[in-house]
Amino acid sequence: MIYYFSGLGNTKYVAQTIAESIGEEKYFIPDADPIEQIFSGSSLGFLFPIYSWGIPEIVMEFIHALPEDFIQEVKNRNTPVWMVCTCGDETGNAPEMLKDCLAKRELELKASWSVIMPNTYVLLPGFDVDSPEVEKQKLENSIIAVKAIAEKIKKGAWEWNLHRGSFPGLRTKVIYPLFKRWGISTKKWHFSPACVKCGKCVKSCPVKNISLGSAGPIWGDNCLSCLACYHNCPYHAVEYGKITCKKGQYLFPGVDAIRRKL
Ligand SMILES: Cc1cc2nc3c(=O)[nH]c(=O)nc-3n(C[C@H](O)[C@H](O)[C@H](O)COP(=O)(O)O)c2cc1C
Ligand code: SF4
Ligand code: SF4
């Protein structure tokens with residue numbers, strides 16, 4: 001059984017590829033009511049993008065809310081629990097955050113992998129999408145990386161194999177809490193005069209935080225900072241304060257394109 005979260009499609013592609021390879025069902029966390037979950041399958045996987053050297057809150061909240069019956073079933077069957085995260089460059093100690101979160105439910109995180117994918121973060125000075133060459137290279141490299149992880153899960157070759165980067169503990173312990181507190185201000189989202197009211201930003205939001213008003217999109221307060229609305233606008237009309245006006249956009253090319261090697 002696989003649970004995943006994805007804003008732009010990087011993690012969805014990894015989840016889909018692994019699910020097909022190991023023969024497990026996959027569920028998108030924003031669409032899965034934790035209370036209604038019944039465990040099935042031979043392993044339990046969590047997949048998500050790295051956010052500021054940490055874990056998207058929606059993933060932690062989901063695990064906290066899983067019913068006791070679900071957890072007992074996982075424990076009774078001695079089910080291996082594993083995770084795969086995608087990141088632009090580095091994970092920090094985010095896997096330890098998941099380990100701690102699972103430990104609170106008395107579950108042990110047996111294995112942990114990261115896959116480097118094109119970067120989606122653009123909301124701070126100095127952060128932008130990758131160049132087309134880097135993006136292509138990362139996507140190509142991901143094919144082998146994801147295949148290798150799926151093989152290890154199939155064989156039960158549990159390990160911790162991560163791109164942690166420098167000062168992982170410090171980044172996760174110090175920068176992630178700052179991101180959680182100050183990382184997103186929903187009031188900063190707005191649309192520019194280039195908006196044609198096509199509604200693509202509305203459809204792209206995984207938590208339905210955007211509605212289409214008569215003048216253009218309206219953002220609510222439940223933003224996960226996934227940046228799907230920003231990257232999916234065909235007219236670069238979604239803006240976050242002034243920081244995004246000169247930033248690039250990333251669109252996941254599609255699973256088929258990746259498998260055809262782009
Ligand atoms: C809010 C936010 C914070 C991010 N922080 C990091 C980070 O700390 N380290 C990193 O390597 N990538 C970071 N990224 C990049 C994403 O982890 C990466 O692009 C991921 O593959 C996106 O997955 P998705 O397409 O499934 O949303 C961040 C992206 C976002 C939107
Ligand atoms: S995707 Fe862009 S053009 Fe379409 S409604 Fe949203 S802001 Fe406007
Ligand atoms: S409003 Fe935009 S950034 Fe926030 S959760 Fe929705 S798509 Fe993601």
# chains A, B, ... in the order shown; residues from 1 in each chain; ligands from 1
call {"tool": "residues_around", "arguments": {"residues": "range 24-39 of chain A", "least_positions_apart": "5", "cutoff": "10 Å", "atoms": "only C-alpha atoms", "output": "ChimeraX atom specification"}}
result
/A:1-6,12,15-16,18-19,44-48,58-59,61-74,206-208
call {"tool": "residues_near_ligand", "arguments": {"ligand": "ligand 1", "cutoff": "8 Å", "atoms": "only C-alpha atoms and all ligand atoms", "output": "PyMOL selection string"}}
result
chain A and resi 5-13+48-54+85-92+115-123+183+224-228+252
call {"tool": "residues_near_ligand", "arguments": {"ligand": "ligand 2", "cutoff": "9 Å", "atoms": "only C-alpha atoms and all ligand atoms", "output": "list in words"}}
result
His190, Phe191, Ser192, Pro193, Ala194, Cys195, Val196, Lys197, Cys198, Gly199, Lys200, Cys201, Val202, Lys203, Ser204, Leu212, Gly216, Pro217, Cys229, Tyr230, His231, Asn232, Cys233, Pro234, Tyr235, His236, Ala237, Val238 and Glu239 of chain A
call {"tool": "write_last_selection", "arguments": {"atoms": "N, CA and C atoms", "output": "short mmCIF file (atom, residue, chain, number, x, y, z; two decimals), in the first residue's frame"}}
result
data_model
loop_
_atom_site.label_atom_id
_atom_site.label_comp_id
_atom_site.auth_asym_id
_atom_site.auth_seq_id
_atom_site.Cartn_x
_atom_site.Cartn_y
_atom_site.Cartn_z
N HIS A 190 -1.33 36.32 -5.90
CA HIS A 190 -2.24 37.16 -6.69
C HIS A 190 -2.03 36.85 -8.17
N PHE A 191 -2.87 37.42 -9.01
CA PHE A 191 -2.70 37.19 -10.45
C PHE A 191 -2.39 38.51 -11.14
N SER A 192 -1.64 38.44 -12.23
CA SER A 192 -1.23 39.65 -12.95
C SER A 192 -2.23 39.94 -14.08
N PRO A 193 -2.10 41.09 -14.75
CA PRO A 193 -3.03 41.39 -15.85
C PRO A 193 -2.95 40.37 -16.99
N ALA A 194 -1.90 39.53 -17.00
CA ALA A 194 -1.79 38.51 -18.06
C ALA A 194 -2.83 37.39 -17.91
N CYS A 195 -3.50 37.35 -16.77
CA CYS A 195 -4.47 36.26 -16.51
C CYS A 195 -5.63 36.32 -17.52
N VAL A 196 -5.96 35.13 -18.08
CA VAL A 196 -7.09 35.05 -19.02
C VAL A 196 -8.27 34.26 -18.41
N LYS A 197 -8.17 33.99 -17.12
CA LYS A 197 -9.23 33.26 -16.38
C LYS A 197 -9.48 31.86 -16.93
N CYS A 198 -8.42 31.18 -17.32
CA CYS A 198 -8.58 29.83 -17.89
C CYS A 198 -8.89 28.79 -16.82
N GLY A 199 -8.57 29.08 -15.56
CA GLY A 199 -8.89 28.15 -14.47
C GLY A 199 -7.87 27.04 -14.25
N LYS A 200 -6.76 27.05 -14.97
CA LYS A 200 -5.78 25.96 -14.79
C LYS A 200 -5.17 25.96 -13.39
N CYS A 201 -4.94 27.14 -12.84
CA CYS A 201 -4.39 27.21 -11.48
C CYS A 201 -5.38 26.59 -10.49
N VAL A 202 -6.67 26.85 -10.71
CA VAL A 202 -7.71 26.31 -9.82
C VAL A 202 -7.66 24.79 -9.84
N LYS A 203 -7.61 24.23 -11.06
CA LYS A 203 -7.63 22.76 -11.21
C LYS A 203 -6.35 22.12 -10.66
N SER A 204 -5.24 22.85 -10.71
CA SER A 204 -3.96 22.24 -10.31
C SER A 204 -3.80 22.13 -8.79
N LEU A 212 -12.33 30.34 -8.79
CA LEU A 212 -12.24 31.32 -9.89
C LEU A 212 -13.32 32.38 -9.72
N GLY A 216 -10.63 36.80 -11.68
CA GLY A 216 -9.50 35.86 -11.77
C GLY A 216 -9.48 34.97 -10.54
N PRO A 217 -8.39 34.22 -10.33
CA PRO A 217 -8.36 33.28 -9.19
C PRO A 217 -8.35 33.97 -7.83
N CYS A 229 -0.03 25.90 -8.53
CA CYS A 229 -0.77 26.98 -9.21
C CYS A 229 0.19 27.88 -9.98
N TYR A 230 1.32 28.19 -9.36
CA TYR A 230 2.31 29.07 -10.01
C TYR A 230 2.86 28.44 -11.29
N HIS A 231 3.32 27.18 -11.18
CA HIS A 231 3.99 26.56 -12.33
C HIS A 231 3.00 26.19 -13.44
N ASN A 232 1.75 25.92 -13.09
CA ASN A 232 0.80 25.46 -14.10
C ASN A 232 0.14 26.58 -14.90
N CYS A 233 0.36 27.83 -14.53
CA CYS A 233 -0.29 28.91 -15.30
C CYS A 233 0.38 29.06 -16.66
N PRO A 234 -0.34 28.90 -17.75
CA PRO A 234 0.27 28.98 -19.08
C PRO A 234 0.74 30.40 -19.42
N TYR A 235 0.31 31.40 -18.65
CA TYR A 235 0.64 32.80 -18.97
C TYR A 235 1.57 33.43 -17.93
N HIS A 236 2.12 32.62 -17.05
CA HIS A 236 2.97 33.12 -15.95
C HIS A 236 2.27 34.28 -15.23
N ALA A 237 0.97 34.10 -15.01
CA ALA A 237 0.18 35.18 -14.41
C ALA A 237 -0.02 34.98 -12.91
N VAL A 238 0.38 33.82 -12.37
CA VAL A 238 0.30 33.63 -10.91
C VAL A 238 1.57 34.19 -10.29
N GLU A 239 1.39 35.08 -9.34
CA GLU A 239 2.55 35.73 -8.71
C GLU A 239 2.47 35.60 -7.19
#
call {"tool": "atom_distance", "arguments": {"atom1": "CA of Glu159 in chain A", "atom2": "CA of Ala111 in chain A"}}
result
4.9 Å
call {"tool": "atom_distance", "arguments": {"atom1": "CA of Ser211 in chain A", "atom2": "CA of Val129 in chain A"}}
result
26.2 Å
call {"tool": "residues_around", "arguments": {"residues": "Asn141 in chain A", "least_positions_apart": "5", "cutoff": "12 Å", "atoms": "only C-alpha atoms", "output": "ChimeraX atom specification"}}
result
/A:115-118,134-136,146-148,258-259,261-262
call {"tool": "select_by_dssp", "arguments": {"residues": "range 37-144 of chain A", "states": "alpha helix (DSSP H)", "output": "ChimeraX atom specification"}}
result
/A:57-65,68-76,94-103,132-144
call {"tool": "write_last_selection", "arguments": {"atoms": "N, CA and C atoms", "output": "CSV table (one decimal), in the first residue's frame"}}
result
chain,number,residue,atom,x,y,z
A,57,GLU,N,3.6,19.1,5.7
A,57,GLU,CA,2.7,18.9,6.9
A,57,GLU,C,1.6,17.9,6.6
A,58,ILE,N,1.0,18.0,5.4
A,58,ILE,CA,-0.1,17.1,5.1
A,58,ILE,C,0.2,15.6,5.3
A,59,VAL,N,1.4,15.3,5.1
A,59,VAL,CA,1.9,13.9,5.2
A,59,VAL,C,1.9,13.5,6.7
A,60,MET,N,2.4,14.4,7.5
A,60,MET,CA,2.5,14.1,8.9
A,60,MET,C,1.1,14.0,9.5
A,61,GLU,N,0.3,15.0,9.1
A,61,GLU,CA,-1.1,15.0,9.7
A,61,GLU,C,-1.9,13.7,9.3
A,62,PHE,N,-1.6,13.3,8.1
A,62,PHE,CA,-2.3,12.0,7.6
A,62,PHE,C,-1.9,10.9,8.5
A,63,ILE,N,-0.6,10.7,8.8
A,63,ILE,CA,-0.1,9.6,9.6
A,63,ILE,C,-0.7,9.7,11.0
A,64,HIS,N,-0.7,10.9,11.6
A,64,HIS,CA,-1.3,11.1,12.9
A,64,HIS,C,-2.7,10.7,13.0
A,65,ALA,N,-3.4,10.9,11.9
A,65,ALA,CA,-4.9,10.6,11.9
A,65,ALA,C,-5.3,9.2,11.5
A,68,GLU,N,-6.5,3.5,14.6
A,68,GLU,CA,-5.7,2.5,15.4
A,68,GLU,C,-5.8,1.1,14.8
A,69,ASP,N,-7.0,0.8,14.2
A,69,ASP,CA,-7.1,-0.6,13.5
A,69,ASP,C,-6.1,-0.7,12.4
A,70,PHE,N,-5.9,0.4,11.6
A,70,PHE,CA,-5.0,0.4,10.5
A,70,PHE,C,-3.6,0.1,11.0
A,71,ILE,N,-3.2,0.8,12.1
A,71,ILE,CA,-1.8,0.7,12.6
A,71,ILE,C,-1.6,-0.7,13.2
A,72,GLN,N,-2.7,-1.3,13.9
A,72,GLN,CA,-2.6,-2.6,14.5
A,72,GLN,C,-2.4,-3.7,13.4
A,73,GLU,N,-3.1,-3.5,12.3
A,73,GLU,CA,-3.0,-4.4,11.2
A,73,GLU,C,-1.6,-4.4,10.6
A,74,VAL,N,-1.0,-3.2,10.4
A,74,VAL,CA,0.4,-3.1,9.9
A,74,VAL,C,1.3,-3.8,10.9
A,75,LYS,N,1.1,-3.6,12.2
A,75,LYS,CA,2.0,-4.2,13.2
A,75,LYS,C,1.8,-5.8,13.2
A,76,ASN,N,0.6,-6.2,13.2
A,76,ASN,CA,0.3,-7.7,13.3
A,76,ASN,C,0.9,-8.4,12.2
A,94,ALA,N,15.2,15.2,6.8
A,94,ALA,CA,13.7,15.0,6.7
A,94,ALA,C,13.3,13.5,7.0
A,95,PRO,N,14.0,12.5,6.6
A,95,PRO,CA,13.6,11.1,6.9
A,95,PRO,C,13.5,10.9,8.4
A,96,GLU,N,14.3,11.5,9.2
A,96,GLU,CA,14.2,11.4,10.6
A,96,GLU,C,12.9,11.9,11.1
A,97,MET,N,12.4,13.0,10.5
A,97,MET,CA,11.1,13.6,10.9
A,97,MET,C,10.0,12.5,10.7
A,98,LEU,N,10.1,11.8,9.5
A,98,LEU,CA,9.1,10.8,9.3
A,98,LEU,C,9.3,9.6,10.3
A,99,LYS,N,10.5,9.3,10.5
A,99,LYS,CA,10.8,8.2,11.5
A,99,LYS,C,10.2,8.5,12.9
A,100,ASP,N,10.3,9.8,13.3
A,100,ASP,CA,9.8,10.2,14.6
A,100,ASP,C,8.2,10.2,14.6
A,101,CYS,N,7.7,10.6,13.4
A,101,CYS,CA,6.3,10.7,13.3
A,101,CYS,C,5.7,9.3,13.3
A,102,LEU,N,6.3,8.3,12.7
A,102,LEU,CA,5.9,6.9,12.7
A,102,LEU,C,6.1,6.3,14.0
A,103,ALA,N,7.2,6.6,14.7
A,103,ALA,CA,7.4,6.1,16.0
A,103,ALA,C,6.3,6.4,17.0
A,132,PRO,N,17.3,24.1,-18.5
A,132,PRO,CA,16.7,23.0,-19.3
A,132,PRO,C,17.7,21.8,-19.3
A,133,GLU,N,19.0,22.0,-19.4
A,133,GLU,CA,19.9,20.9,-19.4
A,133,GLU,C,19.9,20.1,-18.1
A,134,VAL,N,20.0,20.8,-17.0
A,134,VAL,CA,20.0,20.2,-15.7
A,134,VAL,C,18.6,19.4,-15.5
A,135,GLU,N,17.5,20.1,-15.9
A,135,GLU,CA,16.2,19.4,-15.7
A,135,GLU,C,16.2,18.1,-16.5
A,136,LYS,N,16.7,18.1,-17.8
A,136,LYS,CA,16.7,16.9,-18.6
A,136,LYS,C,17.5,15.8,-18.0
A,137,GLN,N,18.7,16.2,-17.5
A,137,GLN,CA,19.6,15.2,-16.9
A,137,GLN,C,19.0,14.6,-15.6
A,138,LYS,N,18.4,15.4,-14.8
A,138,LYS,CA,17.8,14.9,-13.6
A,138,LYS,C,16.7,13.9,-13.9
A,139,LEU,N,15.9,14.3,-14.9
A,139,LEU,CA,14.8,13.4,-15.3
A,139,LEU,C,15.3,12.0,-15.8
A,140,GLU,N,16.3,12.1,-16.7
A,140,GLU,CA,16.9,10.9,-17.2
A,140,GLU,C,17.5,10.0,-16.1
A,141,ASN,N,18.3,10.7,-15.2
A,141,ASN,CA,18.9,9.9,-14.1
A,141,ASN,C,17.8,9.2,-13.2
A,142,SER,N,16.7,9.9,-13.1
A,142,SER,CA,15.7,9.4,-12.2
A,142,SER,C,15.1,8.0,-12.7
A,143,ILE,N,15.2,7.7,-14.0
A,143,ILE,CA,14.7,6.5,-14.5
A,143,ILE,C,15.4,5.3,-13.8
A,144,ILE,N,16.7,5.4,-13.8
A,144,ILE,CA,17.5,4.3,-13.2
A,144,ILE,C,17.4,4.3,-11.7
call {"tool": "select_by_dssp", "arguments": {"residues": "range 115-249 of chain A", "states": "strand (DSSP E or B)", "output": "MDAnalysis selection string"}}
result
chainID A and resid 115:116 160:161 189:191 210:212 217:219 238:240
call {"tool": "residues_around", "arguments": {"residues": "Leu162 in chain A", "least_positions_apart": "4", "cutoff": "8 Å", "atoms": "only C-alpha atoms", "output": "list in words"}}
result
Thr91, Ser112, Trp113 and Ser114 of chain A
call {"tool": "atom_distance", "arguments": {"atom1": "CA of Leu109 in chain A", "atom2": "CA of Val174 in chain A"}}
result
23.0 Å
call {"tool": "closest_residue", "arguments": {"among": "A:Trp158, A:Ser166, A:Pro56, A:Trp182", "to": "ligand 3", "atoms": "only C-alpha atoms and all ligand atoms"}}
result
A:Pro56
call {"tool": "closest_residue", "arguments": {"among": "A:Val14, A:Ile243, A:Leu170, A:Cys205", "to": "ligand 3", "atoms": "only C-alpha atoms and all ligand atoms"}}
result
A:Cys205
call {"tool": "closest_residue", "arguments": {"among": "A:Glu106, A:Asp130, A:Glu151, A:Asp221", "to": "ligand 3", "atoms": "only C-alpha atoms and all ligand atoms"}}
result
A:Asp221
call {"tool": "closest_residue", "arguments": {"among": "A:Asn209, A:Ser40, A:Ser131, A:Ser21", "to": "ligand 3", "atoms": "only C-alpha atoms and all ligand atoms"}}
result
A:Asn209
call {"tool": "decode", "arguments": {"residues": "range 121-165 of chain A", "atoms": "N, CA and C atoms", "output": "tab-separated table (two decimals), in the first residue's frame"}}
result
chain	number	residue	atom	x	y	z
A	121	TYR	N	11.07	24.90	-6.31
A	121	TYR	CA	10.97	26.00	-5.33
A	121	TYR	C	11.51	27.32	-5.90
A	122	VAL	N	10.72	28.38	-5.83
A	122	VAL	CA	11.14	29.67	-6.40
A	122	VAL	C	10.82	30.87	-5.49
A	123	LEU	N	10.37	30.63	-4.27
A	123	LEU	CA	9.83	31.75	-3.48
A	123	LEU	C	10.83	32.56	-2.68
A	124	LEU	N	12.12	32.21	-2.76
A	124	LEU	CA	13.12	33.02	-2.05
A	124	LEU	C	14.16	33.51	-3.05
A	125	PRO	N	14.82	34.64	-2.75
A	125	PRO	CA	15.89	35.10	-3.64
A	125	PRO	C	16.95	34.00	-3.75
A	126	GLY	N	17.47	33.81	-4.95
A	126	GLY	CA	18.52	32.80	-5.15
A	126	GLY	C	17.99	31.42	-5.50
A	127	PHE	N	16.69	31.21	-5.38
A	127	PHE	CA	16.11	29.91	-5.73
A	127	PHE	C	15.30	30.05	-7.03
A	128	ASP	N	15.59	29.16	-7.98
A	128	ASP	CA	14.84	29.19	-9.24
A	128	ASP	C	14.78	27.78	-9.80
A	129	VAL	N	14.01	27.61	-10.86
A	129	VAL	CA	13.96	26.29	-11.50
A	129	VAL	C	15.32	25.99	-12.14
A	130	ASP	N	15.53	24.72	-12.48
A	130	ASP	CA	16.81	24.32	-13.08
A	130	ASP	C	16.87	24.78	-14.54
A	131	SER	N	18.09	24.84	-15.06
A	131	SER	CA	18.24	25.11	-16.49
A	131	SER	C	17.66	23.92	-17.26
A	132	PRO	N	17.28	24.11	-18.53
A	132	PRO	CA	16.72	22.97	-19.30
A	132	PRO	C	17.66	21.77	-19.33
A	133	GLU	N	18.97	22.02	-19.38
A	133	GLU	CA	19.94	20.90	-19.44
A	133	GLU	C	19.92	20.11	-18.12
A	134	VAL	N	19.96	20.84	-17.01
A	134	VAL	CA	19.96	20.17	-15.69
A	134	VAL	C	18.64	19.42	-15.50
A	135	GLU	N	17.55	20.06	-15.89
A	135	GLU	CA	16.23	19.42	-15.74
A	135	GLU	C	16.18	18.09	-16.50
A	136	LYS	N	16.67	18.11	-17.75
A	136	LYS	CA	16.66	16.90	-18.59
A	136	LYS	C	17.52	15.81	-17.97
A	137	GLN	N	18.70	16.21	-17.49
A	137	GLN	CA	19.63	15.25	-16.89
A	137	GLN	C	19.03	14.61	-15.65
A	138	LYS	N	18.40	15.45	-14.80
A	138	LYS	CA	17.79	14.91	-13.57
A	138	LYS	C	16.69	13.91	-13.92
A	139	LEU	N	15.87	14.26	-14.90
A	139	LEU	CA	14.76	13.36	-15.27
A	139	LEU	C	15.30	12.05	-15.84
A	140	GLU	N	16.33	12.14	-16.66
A	140	GLU	CA	16.93	10.91	-17.23
A	140	GLU	C	17.52	10.03	-16.12
A	141	ASN	N	18.26	10.67	-15.21
A	141	ASN	CA	18.88	9.91	-14.11
A	141	ASN	C	17.83	9.25	-13.23
A	142	SER	N	16.68	9.90	-13.13
A	142	SER	CA	15.65	9.38	-12.21
A	142	SER	C	15.14	8.01	-12.67
A	143	ILE	N	15.20	7.73	-13.95
A	143	ILE	CA	14.66	6.46	-14.47
A	143	ILE	C	15.39	5.29	-13.80
A	144	ILE	N	16.72	5.36	-13.82
A	144	ILE	CA	17.52	4.27	-13.23
A	144	ILE	C	17.35	4.26	-11.71
A	145	ALA	N	17.36	5.47	-11.11
A	145	ALA	CA	17.26	5.55	-9.64
A	145	ALA	C	15.95	4.93	-9.13
A	146	VAL	N	14.85	5.25	-9.80
A	146	VAL	CA	13.54	4.76	-9.34
A	146	VAL	C	13.45	3.24	-9.55
A	147	LYS	N	13.98	2.78	-10.69
A	147	LYS	CA	13.97	1.34	-10.97
A	147	LYS	C	14.74	0.58	-9.88
A	148	ALA	N	15.89	1.13	-9.51
A	148	ALA	CA	16.73	0.47	-8.49
A	148	ALA	C	16.00	0.41	-7.14
A	149	ILE	N	15.32	1.49	-6.79
A	149	ILE	CA	14.58	1.51	-5.51
A	149	ILE	C	13.47	0.45	-5.54
A	150	ALA	N	12.74	0.41	-6.65
A	150	ALA	CA	11.64	-0.57	-6.76
A	150	ALA	C	12.19	-1.99	-6.60
A	151	GLU	N	13.33	-2.27	-7.20
A	151	GLU	CA	13.94	-3.61	-7.09
A	151	GLU	C	14.28	-3.93	-5.64
A	152	LYS	N	14.82	-2.92	-4.94
A	152	LYS	CA	15.19	-3.14	-3.54
A	152	LYS	C	13.95	-3.42	-2.68
A	153	ILE	N	12.87	-2.70	-2.96
A	153	ILE	CA	11.64	-2.94	-2.19
A	153	ILE	C	11.15	-4.36	-2.46
A	154	LYS	N	11.18	-4.75	-3.74
A	154	LYS	CA	10.73	-6.10	-4.10
A	154	LYS	C	11.53	-7.17	-3.37
A	155	LYS	N	12.85	-6.96	-3.30
A	155	LYS	CA	13.74	-7.96	-2.66
A	155	LYS	C	13.75	-7.85	-1.14
A	156	GLY	N	13.17	-6.76	-0.62
A	156	GLY	CA	13.26	-6.54	0.83
A	156	GLY	C	14.67	-6.14	1.24
A	157	ALA	N	15.38	-5.46	0.33
A	157	ALA	CA	16.75	-5.01	0.63
A	157	ALA	C	16.66	-3.63	1.29
A	158	TRP	N	16.26	-3.63	2.55
A	158	TRP	CA	15.99	-2.38	3.25
A	158	TRP	C	17.27	-1.63	3.58
A	159	GLU	N	17.27	-0.34	3.34
A	159	GLU	CA	18.46	0.49	3.61
A	159	GLU	C	18.03	1.95	3.73
A	160	TRP	N	18.96	2.79	4.20
A	160	TRP	CA	18.77	4.25	4.20
A	160	TRP	C	19.77	4.81	3.21
A	161	ASN	N	19.29	5.34	2.09
A	161	ASN	CA	20.17	5.79	1.03
A	161	ASN	C	19.67	7.15	0.52
A	162	LEU	N	20.31	8.21	1.03
A	162	LEU	CA	19.73	9.55	0.86
A	162	LEU	C	20.74	10.58	0.39
A	163	HIS	N	20.25	11.61	-0.29
A	163	HIS	CA	21.08	12.77	-0.64
A	163	HIS	C	20.85	13.81	0.45
A	164	ARG	N	21.61	13.72	1.51
A	164	ARG	CA	21.30	14.57	2.67
A	164	ARG	C	21.82	16.00	2.53
A	165	GLY	N	22.91	16.20	1.77
A	165	GLY	CA	23.50	17.54	1.66
A	165	GLY	C	24.31	17.88	2.88
